[in-house]
Amino acid sequence: MIFGRVKPLDAILATAEKKALTRTLGPVQLTLLGVGAIIGTGIFVLTAEAAQKAGPGMMWAFVVAGLVCAVAALCYSEIASMVPVSGSAYTYTYAVMGELLAWMVGWALILEYAVAASAVSVGWSGYFVGLLNSWGIDFPHALATGPYAGGVVNLPALVIALLVTGLLMIGTTESARVNAVLVAIKVTALTGFIALTLPVMKGANFEPFMPNGWFGNGHGAGLGAIGAAASIFFAYVGFDAVSTAAEETKNPQRNVPIGLIGSLGICTIFYLLVAAGAIGTLGAQPVAGPNGEILAPGTTAFAAQCKAIAAVSTEPLVCSREALAHVLRSIGWERIGDLIGIAAFLALPSVILIMLFGQTRIFFVMARDGLLPEKLATIHPKWKTPHVVTMITGVAVAFFAAFLPVGQLADISNSGTLFAFFMVALAVLILRRTQPNRHRPFRTPFVWIVAPLAILGTVGLYLNLPFEAKMVLPIWGAMGLVVYFLYGYRKSYVGRGIIDVHETDIEAPPQPVPPLPEAHTPGYKDA
């Protein structure tokens, strides 16, 4: 009975207790940890996509996505504090709902992390090429974008993805100090952007505020404010850093909600101010096709229309591949725009590294659990890293980055993330019924309201993704089921009666480092 194959919670907890963490984080540190983990990437690379989907109404998208994250994060915190190994939704699902569903979550997370790394690589490429152009260096269009925008291959995205993979393979790690500096660069860049754009906002640029309504006015899934929220959800991923730090938080019952809601609140306000500055300065009305039809971002028709507009006037915000730098250059702050580009150039590769850490970690643990060939978890004798799985991941990431648009990649990544958070919210409710007396260092407040809201929110956003992004998850999931029944079902350690907890293995890829010098990742296995 595959649903009976559960990795016992007690075995996981026993392992975790051997590495009990000291509770050192207070509410302020936890909030800063969350802000550092969340802020930056999505707002740098997805502003134009959100504007094309919702126009100025993308401001509502940030609020909706932030609220869904808040309820999902409160559920995540309860399970993270109960199952305090530095695992993920995969580990939690294995302990609560069994191997088959854990496999599905792990398989979805592999997709999520890999495609997210590709999305950030494409975003980095946009700012890099924009910088070169600003400095008078003409980078060939054929090598700057994929076929969707009339190019051949996105070479900078391909190169940065392979470069970061190479660094990971030879054992590159992060330090909390470097991470803190990169967070400071991102926050400073965004603060500067807000300070320069808010004073020159024009109210007329906010009209009409919701050109595509809430749900795209019947023009297909993925449009309107909710469609934009399903995409912009990408800008909040990272809040689980706060949830997984629950086990080293003083008085978690009080401080975890403060840290979560505080960091999500600060980031949402930050994002709204950046969005208001961009919209008010340059306008954010969606680009329509020749017959007035709404064009989806990342399509050939959209790229052609953008090219036609740019040939006769200023490039609209929705068409820019480096939206924030483009806004500042358009209002005369050419060199400050370059500084925004440099901030993205410096900070985004570390995000790619974090995504790849997360991906190789899940891959590694699943291979050690026997669900994937254990050869994948082979450790290099000299570099001491799981080089095989890192190389496979990196090549896939580079391939996606070379040929797909950033918005489409973010949407595909979100489909995996939303599925994982949906499963975590479900797991919280199941555990409350099946094991009500188990010790919970943090209990989700109003769980019978919060968890159903998280379930409804994640399903709602998933249903408002574009059709292609929605279909990737079931197709990828079906491929996963074939792999599971051909291999994992027979080779599974739990299925063969071997109960091991590999999340804490000495060779396991480390958790991404939190952006605070004095904070540690769960298990003290810092990168």
# chains A, B, ... in the order shown; residues from 1 in each chain; ligands from 1
call {"tool": "residues_around", "arguments": {"residues": "A:Glu112", "least_positions_apart": "6", "cutoff": "12 Å", "atoms": "only C-alpha atoms", "output": "PyMOL selection string"}}
result
chain A and resi 105-106+118-119+234+237+355-356+358-360+362+393+397+409-421+469+472-473+476
call {"tool": "residues_around", "arguments": {"residues": "A:Ile266", "least_positions_apart": "4", "cutoff": "8 Å", "atoms": "only C-alpha atoms", "output": "list in words"}}
result
Val35, Gly262 and Phe270 of chain A
call {"tool": "closest_residue", "arguments": {"among": "A:Leu431, A:Ala343, A:Ile160, A:Leu426", "to": "A:Arg443", "atoms": "only C-alpha atoms"}}
result
A:Leu431
call {"tool": "residues_around", "arguments": {"residues": "A:Gly224", "least_positions_apart": "4", "cutoff": "9 Å", "atoms": "only C-alpha atoms", "output": "list in words"}}
result
Ala50, Gln52, Lys53, Ala54, Gly55, Gly57, Met58, Ala61, Met210, Pro211, Asn212, Gly213, Trp214, Phe215, Gly216, Asn217, Ala228 and Ala229 of chain A
call {"tool": "write_last_selection", "arguments": {"atoms": "C-alpha atoms", "output": "compact mmCIF listing (two decimals), in the first residue's frame"}}
result
# COMPACT_ATOMS: atom_id res chain seq x y z
CA ALA A 50 2.88 42.05 -14.55
CA GLN A 52 1.31 43.72 -19.55
CA LYS A 53 -1.13 41.41 -17.74
CA ALA A 54 -2.83 43.96 -15.49
CA GLY A 55 -1.68 47.50 -16.35
CA GLY A 57 -3.81 47.15 -11.60
CA MET A 58 -0.63 45.14 -11.00
CA ALA A 61 -1.50 41.79 -7.79
CA MET A 210 -7.63 48.02 -14.39
CA PRO A 211 -7.59 47.80 -18.22
CA ASN A 212 -7.85 43.99 -18.09
CA GLY A 213 -10.11 43.81 -15.01
CA TRP A 214 -9.55 41.21 -12.31
CA PHE A 215 -9.55 38.12 -14.54
CA GLY A 216 -8.63 39.40 -18.03
CA ASN A 217 -12.14 40.39 -19.15
CA ALA A 228 -0.64 39.09 -12.64
CA ALA A 229 -0.79 37.99 -8.97
call {"tool": "select_by_dssp", "arguments": {"residues": "stretch 383-516 of chain A", "states": "helix (DSSP H, G or I)", "output": "number ranges by chain"}}
result
A: 387-403, 406-434, 447-463, 467-491, 502-504
call {"tool": "write_last_selection", "arguments": {"atoms": "C-alpha atoms", "output": "tab-separated table (two decimals), in the first residue's frame"}}
result
chain	number	residue	atom	x	y	z
A	387	HIS	CA	28.65	16.94	-8.87
A	388	VAL	CA	26.52	14.60	-11.01
A	389	VAL	CA	23.16	16.01	-9.90
A	390	THR	CA	24.55	19.57	-9.98
A	391	MET	CA	25.72	19.14	-13.57
A	392	ILE	CA	22.40	17.63	-14.75
A	393	THR	CA	20.50	20.46	-13.05
A	394	GLY	CA	22.77	23.18	-14.43
A	395	VAL	CA	22.53	21.97	-18.02
A	396	ALA	CA	18.70	21.87	-17.78
A	397	VAL	CA	18.61	25.35	-16.21
A	398	ALA	CA	20.89	26.75	-18.93
A	399	PHE	CA	18.79	25.15	-21.69
A	400	PHE	CA	15.52	26.65	-20.41
A	401	ALA	CA	17.17	30.05	-19.87
A	402	ALA	CA	18.54	30.06	-23.43
A	403	PHE	CA	15.21	29.59	-25.18
A	406	VAL	CA	11.29	35.16	-18.21
A	407	GLY	CA	7.53	35.48	-17.57
A	408	GLN	CA	6.78	31.99	-18.86
A	409	LEU	CA	9.60	30.53	-16.75
A	410	ALA	CA	8.34	32.30	-13.61
A	411	ASP	CA	4.79	31.04	-14.25
A	412	ILE	CA	5.99	27.45	-14.67
A	413	SER	CA	8.06	27.75	-11.48
A	414	ASN	CA	5.03	29.14	-9.61
A	415	SER	CA	2.91	26.14	-10.59
A	416	GLY	CA	5.35	23.87	-8.69
A	417	THR	CA	5.58	26.23	-5.71
A	418	LEU	CA	1.81	26.61	-5.40
A	419	PHE	CA	1.40	22.81	-5.47
A	420	ALA	CA	4.00	22.41	-2.69
A	421	PHE	CA	2.32	25.05	-0.48
A	422	PHE	CA	-1.10	23.49	-1.16
A	423	MET	CA	0.24	20.15	0.11
A	424	VAL	CA	1.76	21.74	3.22
A	425	ALA	CA	-1.54	23.45	4.13
A	426	LEU	CA	-3.30	20.10	3.68
A	427	ALA	CA	-0.66	18.33	5.79
A	428	VAL	CA	-1.23	20.78	8.67
A	429	LEU	CA	-4.96	19.99	8.74
A	430	ILE	CA	-4.37	16.22	8.46
A	431	LEU	CA	-1.87	16.26	11.35
A	432	ARG	CA	-4.23	18.30	13.53
A	433	ARG	CA	-6.81	15.52	13.12
A	434	THR	CA	-4.56	12.44	13.21
A	447	VAL	CA	-5.93	26.94	11.69
A	448	TRP	CA	-9.41	25.95	10.44
A	449	ILE	CA	-9.67	29.37	8.77
A	450	VAL	CA	-6.03	29.99	7.80
A	451	ALA	CA	-5.25	26.57	6.24
A	452	PRO	CA	-8.43	26.44	4.08
A	453	LEU	CA	-7.65	30.02	2.95
A	454	ALA	CA	-4.12	28.88	2.00
A	455	ILE	CA	-5.59	25.93	0.07
A	456	LEU	CA	-8.13	28.17	-1.73
A	457	GLY	CA	-5.50	30.85	-2.39
A	458	THR	CA	-2.93	28.47	-3.90
A	459	VAL	CA	-5.56	26.71	-6.05
A	460	GLY	CA	-7.02	30.09	-7.12
A	461	LEU	CA	-3.66	31.46	-8.23
A	462	TYR	CA	-2.78	28.20	-9.99
A	463	LEU	CA	-6.05	28.33	-11.98
A	467	PHE	CA	-2.80	27.70	-19.91
A	468	GLU	CA	0.73	26.51	-20.89
A	469	ALA	CA	2.09	27.03	-17.36
A	470	LYS	CA	-0.92	25.19	-15.88
A	471	MET	CA	-0.40	22.23	-18.17
A	472	VAL	CA	3.32	21.85	-17.38
A	473	LEU	CA	2.59	20.67	-13.82
A	474	PRO	CA	0.26	17.72	-14.69
A	475	ILE	CA	2.48	16.68	-17.64
A	476	TRP	CA	5.63	16.88	-15.52
A	477	GLY	CA	3.73	15.08	-12.73
A	478	ALA	CA	2.66	12.27	-15.10
A	479	MET	CA	6.29	11.82	-16.19
A	480	GLY	CA	7.20	11.70	-12.49
A	481	LEU	CA	4.66	8.96	-11.81
A	482	VAL	CA	6.15	6.86	-14.62
A	483	VAL	CA	9.64	7.29	-13.08
A	484	TYR	CA	8.27	6.47	-9.62
A	485	PHE	CA	6.51	3.26	-10.60
A	486	LEU	CA	9.36	2.09	-12.85
A	487	TYR	CA	12.09	2.84	-10.31
A	488	GLY	CA	11.31	4.57	-7.01
A	489	TYR	CA	8.49	2.25	-5.91
A	490	ARG	CA	10.79	-0.79	-6.05
A	491	LYS	CA	13.98	0.82	-4.78
A	502	HIS	CA	19.23	11.93	4.80
A	503	GLU	CA	18.39	15.60	5.16
A	504	THR	CA	21.13	15.78	7.80
call {"tool": "residues_around", "arguments": {"residues": "stretch 182-196 of chain A", "least_positions_apart": "2", "cutoff": "6 Å", "atoms": "only C-alpha atoms", "output": "list in words"}}
result
Gly36, Gly40, Asn179, Ala180, Leu198, Val274, Gly277, Ile340 and Ala347 of chain A
call {"tool": "closest_residue", "arguments": {"among": "A:Leu324, A:Leu46, A:Leu30, A:Ala303", "to": "A:Gly123", "atoms": "only C-alpha atoms"}}
result
A:Leu46
call {"tool": "closest_residue", "arguments": {"among": "A:Phe302, A:Ser134, A:Arg361, A:Ala288", "to": "A:Trp333", "atoms": "only C-alpha atoms"}}
result
A:Ser134
call {"tool": "atom_distance", "arguments": {"atom1": "atom CA of A:Val256", "atom2": "atom CA of A:Pro27"}}
result
7.2 Å
